[in-house]
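> Supplied in structure tokens, the structure appears directly below.
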Amino acid sequence: MPLMANAESTYTTGTGTPITAQARLDFQITVPKILFLRVGTGADFTTNAAINLISFTVPAANLGDGTPVAATAGSGDVGNGTVTAKVVGNNGNITFTSTTLGALGNGAGDTISYGQIGTSVAALTSATALPHPALVDGATSTLTLTPVTGKVVNRDARWTYTYANNAVAAPGTYGGVGVNNGRVTYTASMP
């Protein structure tokens, strides 16, 4: 009959031993190439347009004294300046970058270098934590993430940001939501 498909079958008769019958199946699995990057709010393997704000308020009594300043409670998806970070790809090495447009500005000509922002990295679920690329004023910093087995890279971490507070800065709010060079852009790419 036209358009009819059958699995293979064998029918055997006879008097000898052993008597055998054999049937075969072919299997095929198609796996797409994927690349996933999450920094902050989101869920695995979904797109989320939310951009978290990491905010620091320097106590006047400690201005420029080198005492690190923790981020405010509402900063990051975890809070207190901590974000969830994850990179997953399945086609070999992944180039992972952070890019800034310049030092953080206050709109009045004063700046604070991204070199004053520290990042601690803590493993989340993967055996090898996702490292944080350095934050550099007006430049891109690059890391190469290599697969542990095969072509698969699967790394995550919790990144916690602090402000070093190593110098007295002019008053003002430096950076912000999409203003005054306040945005860092993270990018993952693979062949």
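Residues are named by chain letter and number: chains run A, B, ... in the order of the structure tokens, numbers start at 1 in each chain, and ligands are numbered from 1 in the order shown.
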With a cut-off of 12 Å, could you pull out the residues of stretch 16-84 of chain A touching stretch 95-118 of chain A and give me the nearest pair of atoms for each, distance in Å to one decimal, using only C-alpha atoms, ordered by chain and ascending number, as a Markdown table?


| residue | atom | partner | partner_atom | distance |
| --- | --- | --- | --- | --- |
| A:Leu35 | CA | A:Thr95 | CA | 11.2 |
| A:Phe36 | CA | A:Phe96 | CA | 11.5 |
| A:Leu37 | CA | A:Phe96 | CA | 9.5 |
| A:Arg38 | CA | A:Phe96 | CA | 11.8 |
| A:Val39 | CA | A:Ser98 | CA | 11.2 |
| A:Ile54 | CA | A:Ile117 | CA | 10.5 |
| A:Ser55 | CA | A:Ile117 | CA | 11.1 |
| A:Phe56 | CA | A:Ile117 | CA | 10.2 |
| A:Gly64 | CA | A:Gln116 | CA | 11.1 |
| A:Gly66 | CA | A:Gln116 | CA | 10.2 |
| A:Thr67 | CA | A:Gln116 | CA | 11.6 |
| A:Pro68 | CA | A:Gly118 | CA | 9.0 |
| A:Val69 | CA | A:Ile117 | CA | 9.7 |
| A:Ala70 | CA | A:Gly118 | CA | 10.1 |
| A:Ala71 | CA | A:Ile117 | CA | 10.5 |
| A:Gly81 | CA | A:Gly118 | CA | 10.7 |
| A:Thr82 | CA | A:Gly118 | CA | 11.7 |

> Fewer than 2 positions away in the same chain doesn't count, so skip those; otherwise give me all residues within 10 Å of stretch 150-159 of chain A, counting only C-alpha atoms, as number ranges by chain.

A: 34-40, 76, 78, 81-94, 118-132, 145-148, 161

> Using DSSP assignments from the backbone, pull out every residue in stretch 8-187 of chain A that falls under strand (DSSP E) and give it to me as a PyMOL selection string.

chain A and resi 35-39+69-70+82-89+94-99+104-105+111-112+117-123+140-145+153-163+185-187

> Rank A:Val31, A:Thr173, A:Val184, A:Thr160 by their smallest atom-to-atom distance to A:Val136, using only C-alpha atoms, and report the top residue only.

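Residue with the minimum atom-to-atom distance to A:Val136: A:Val184.
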
> If we count only C-alpha atoms and set the cut-off at 9 Å, which residues sit around A:Leu63, ignoring sequence neighbours fewer than 6 positions away in its own chain? Please answer as number ranges by chain.

A: 165-169

> One decimal, in Å: what's the spacing between atom CA of A:Thr10 and atom CA of A:Ala23?

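So the two atoms, atom CA of A:Thr10 and atom CA of A:Ala23, lie 6.3 Å apart.
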
> Between atom CA of A:Glu8 and atom CA of A:Arg24, what is the distance in Å, rounded to a tenth?

6.2 Å

> For A:Thr41, which of A:Pro133, A:Gly79, A:Gly138, A:Gly175 is the closest residue, counting only C-alpha atoms?

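Checking each of A:Pro133, A:Gly79, A:Gly138, A:Gly175 against A:Thr41, counting only C-alpha atoms, the winner is A:Gly79.
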